[in-house]
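**Q** Provided herewith is a single structure, encoded as structure tokens, for subsequent inquiry.
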There are 2 protein chains.
Amino acid sequence: MSPQRRREHLIEATLELFATVGPEQVGVREITRAADVSRALFYRYFSGIEELRVAALSAIVRELGASIADPVGATPLDQLRSAVNAFLDVAEKHAKAYVALLRSGSVVASGDTAALVDGVREQIVRLVVERSGVPAPSPLFLMTVRGWVALAESATVSWQQDRSVPRDQLVEWLVGQLRAMLAENARHEQVPAVSF
Amino acid sequence: MSPQRRREHLIEATLELFATVGPEQVGVREITRAADVSRALFYRYFSGIEELRVAALSAIVRELGASIADPVGATPLDQLRSAVNAFLDVAEKHAKAYVALLRSGSVVASGDTAALVDGVREQIVRLVVERSGVPAPSPLFLMTVRGWVALAESATVSWQQDRSVPRDQLVEWLVGQLRAMLAENARHEQVPAVSF
């Protein structure tokens, strides 16, 4: 393997472990065992578990960003559904690592990953604003969309824990909540409602 | 001063500094200067800056919890408004410390404070559920209220940064969003709407 490929291989093995075991429980020993490499080799690529954690969590954040970048669908509403589905795909794939990434004060969330997570949040906000067709979004409109992103994160984490509704219903519920929140905001601001 | 009072005095001085300067920028030197005590005295009460940070942030969380515990008002809607106002009072008083407390991956948010923050969130959820009069809240109902708490936190942080609307309007907007989200959830679950 090339050094670049070896590094990716270590990150992939880490992400697989993180998805099921939870990043807090994973150390260098678990990773070298899962990737079938020696400790010496590990330390040629990463200074320690912290650096690998940040690299692995950054990979998830980039995947989240890429997954929602170009939603498919004929109408803005279809595109919103497609983006929500793509987001849930990535959250599902990484399961426990996704939860750890968002948990405030989690041992694995660092200043580095927090900035990346904020980047994805702003990307989602831009996507919704763009698709909504509102040319100059008001501060309250932006607050509404940011609040919906916070709702979507909180709902995804709850849902991953209790699976209380089928996934399709979760998607429709999230889409419905955004529409209701935007309608309420339009009512509050006394402007025409945005139709998604 | 008694040891108990001296400890409280150090925590109060820290909270005052945190509110304006931001907890990341505050070290033992700034605190001993603000509280007008020696380094030696500081280390008699706290093992270091970390322990004092946790004590100070815990004090804010307890204040948040106490402030919303017994909202005044004749109707559930008035009580909700009163609780939102009490929450904003505490967030305003502690300003930068409040933001730091919620920021994921912030250097000052630790596992200890994250658990306390989660406790206040659940307390708000219980309060809303209780006042809503719903005897057996469904998982989606709880998700809606938790999502609103996430929206309220995110909106408060945004608002503290840009002050884009008068505070009264923010309160009405937050109350309106909860009502809209609960109505949307009732529509989705095909159950009668909760009237706040």
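Going through the structure tokens in order, the chains are called A, B, and so on, while each chain numbers its residues from 1 and the ligands are numbered from 1 in the order shown.
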Give me, as a Markdown table, the closest atom pair and its distance (Å, one decimal) for every residue of chain A within a cut-off of 10 Å of chain B, counting only C-alpha atoms, rows sorted by chain and rising number.
**A**
```
| residue | atom | partner | partner_atom | distance |
| --- | --- | --- | --- | --- |
| A:Leu101 | CA | B:Ser104 | CA | 8.5 |
| A:Leu102 | CA | B:Ser104 | CA | 6.8 |
| A:Arg103 | CA | B:Ser104 | CA | 6.5 |
| A:Ser104 | CA | B:Ser104 | CA | 3.9 |
| A:Gly105 | CA | B:Ser110 | CA | 4.3 |
| A:Ser106 | CA | B:Gly111 | CA | 6.0 |
| A:Val107 | CA | B:Gly111 | CA | 7.2 |
| A:Val108 | CA | B:Gly105 | CA | 8.1 |
| A:Ala109 | CA | B:Gly105 | CA | 4.8 |
| A:Ser110 | CA | B:Gly105 | CA | 4.3 |
| A:Gly111 | CA | B:Gly105 | CA | 5.0 |
| A:Asp112 | CA | B:Gly105 | CA | 7.9 |
| A:Thr113 | CA | B:Gly105 | CA | 7.3 |
| A:Ala114 | CA | B:Gly105 | CA | 5.4 |
| A:Ala115 | CA | B:Gly105 | CA | 8.6 |
| A:Val117 | CA | B:Ser104 | CA | 9.1 |
| A:Asp118 | CA | B:Ser104 | CA | 9.6 |
| A:Ser138 | CA | B:Ser164 | CA | 9.0 |
| A:Pro139 | CA | B:Ser164 | CA | 6.3 |
| A:Leu140 | CA | B:Ser164 | CA | 7.8 |
| A:Leu142 | CA | B:Ser158 | CA | 9.5 |
| A:Met143 | CA | B:Ala155 | CA | 5.9 |
| A:Thr144 | CA | B:Leu151 | CA | 7.9 |
| A:Val145 | CA | B:Leu151 | CA | 9.3 |
| A:Arg146 | CA | B:Ser154 | CA | 7.1 |
| A:Gly147 | CA | B:Leu151 | CA | 4.1 |
| A:Trp148 | CA | B:Leu151 | CA | 6.7 |
| A:Val149 | CA | B:Leu151 | CA | 8.3 |
| A:Ala150 | CA | B:Ala150 | CA | 5.5 |
| A:Leu151 | CA | B:Gly147 | CA | 4.1 |
| A:Ala152 | CA | B:Gly147 | CA | 7.4 |
| A:Glu153 | CA | B:Gly147 | CA | 8.4 |
| A:Ser154 | CA | B:Gly147 | CA | 6.0 |
| A:Ala155 | CA | B:Met143 | CA | 5.9 |
| A:Thr156 | CA | B:Met143 | CA | 9.4 |
| A:Val157 | CA | B:Met143 | CA | 9.9 |
| A:Ser158 | CA | B:Met143 | CA | 7.2 |
| A:Trp159 | CA | B:Met143 | CA | 8.5 |
| A:Asp162 | CA | B:Pro139 | CA | 8.5 |
| A:Arg163 | CA | B:Pro139 | CA | 9.3 |
| A:Ser164 | CA | B:Pro139 | CA | 6.3 |
| A:Val165 | CA | B:Leu140 | CA | 8.0 |
| A:Gln169 | CA | B:His188 | CA | 9.0 |
| A:Leu170 | CA | B:Leu140 | CA | 8.9 |
| A:Glu172 | CA | B:His188 | CA | 8.5 |
| A:Trp173 | CA | B:His188 | CA | 6.9 |
| A:Leu174 | CA | B:Thr144 | CA | 9.8 |
| A:Gly176 | CA | B:Glu184 | CA | 6.9 |
| A:Gln177 | CA | B:Met181 | CA | 6.2 |
| A:Leu178 | CA | B:Met181 | CA | 8.9 |
| A:Arg179 | CA | B:Glu184 | CA | 9.0 |
| A:Ala180 | CA | B:Ala180 | CA | 6.1 |
| A:Met181 | CA | B:Gln177 | CA | 6.2 |
| A:Leu182 | CA | B:Gln177 | CA | 9.1 |
| A:Ala183 | CA | B:Ala180 | CA | 8.5 |
| A:Glu184 | CA | B:Ala180 | CA | 6.3 |
| A:Asn185 | CA | B:Trp173 | CA | 7.5 |
| A:Arg187 | CA | B:Gly176 | CA | 9.5 |
| A:His188 | CA | B:Trp173 | CA | 6.9 |
| A:Glu189 | CA | B:Trp173 | CA | 9.3 |
```
**Q** From a DSSP pass on the backbone, collect the residues of segment 68-182 of chain B flagged as alpha helix (DSSP H) and hand them back as a VMD selection string.
**A** chain B and resid 68 76 to 102 111 to 132 139 to 162 167 to 182
**Q** Quote the spacing between atom CA of Ser67 of chain A and atom CA of Ala95 of chain A in Å to one decimal place.
**A**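 If I compute the distance from atom CA of Ser67 of chain A to atom CA of Ala95 of chain A, I get 15.8 Å.
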**Q** Which is closest to Ala59 of chain A among A:Ala97, A:Arg44, A:Ile31, A:Asp89, if we use only C-alpha atoms?
**A** A:Ala97
**Q** Just give me the gap between atom CA of Ser195 of chain A and atom CA of Ala74 of chain A in Å, one decimal is fine.
**A**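 Atom CA of Ala74 of chain A lies at a distance of 14.5 Å from atom CA of Ser195 of chain A.
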**Q** List the spatial neighbours of Glu12 of chain B as a PyMOL selection string - criterion: any atom at most 10 Å away, only C-alpha atoms, same-chain residues fewer than 5 positions off excluded.
**A** chain B and resi 6-7+17-18+35+56+59
**Q** May I ask which of the residues A:Ser58, A:Gln123, A:Thr32, A:Gln160 is the closest one to Leu10 of chain A, counting only C-alpha atoms?
**A**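 Of all the options, A:Thr32 lies closest to Leu10 of chain A.
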**Q** So how far away is atom CA of Thr14 of chain B from atom CA of Leu52 of chain B, in Å?
**A** 8.0 Å
**Q** Of the candidates B:Ile60, B:Ala13, B:Ala34, B:Val26, which shows the shortest atom-to-atom distance to Val120 of chain B, using only C-alpha atoms?
**A**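 So, comparing all the options, the nearest one is B:Ile60.
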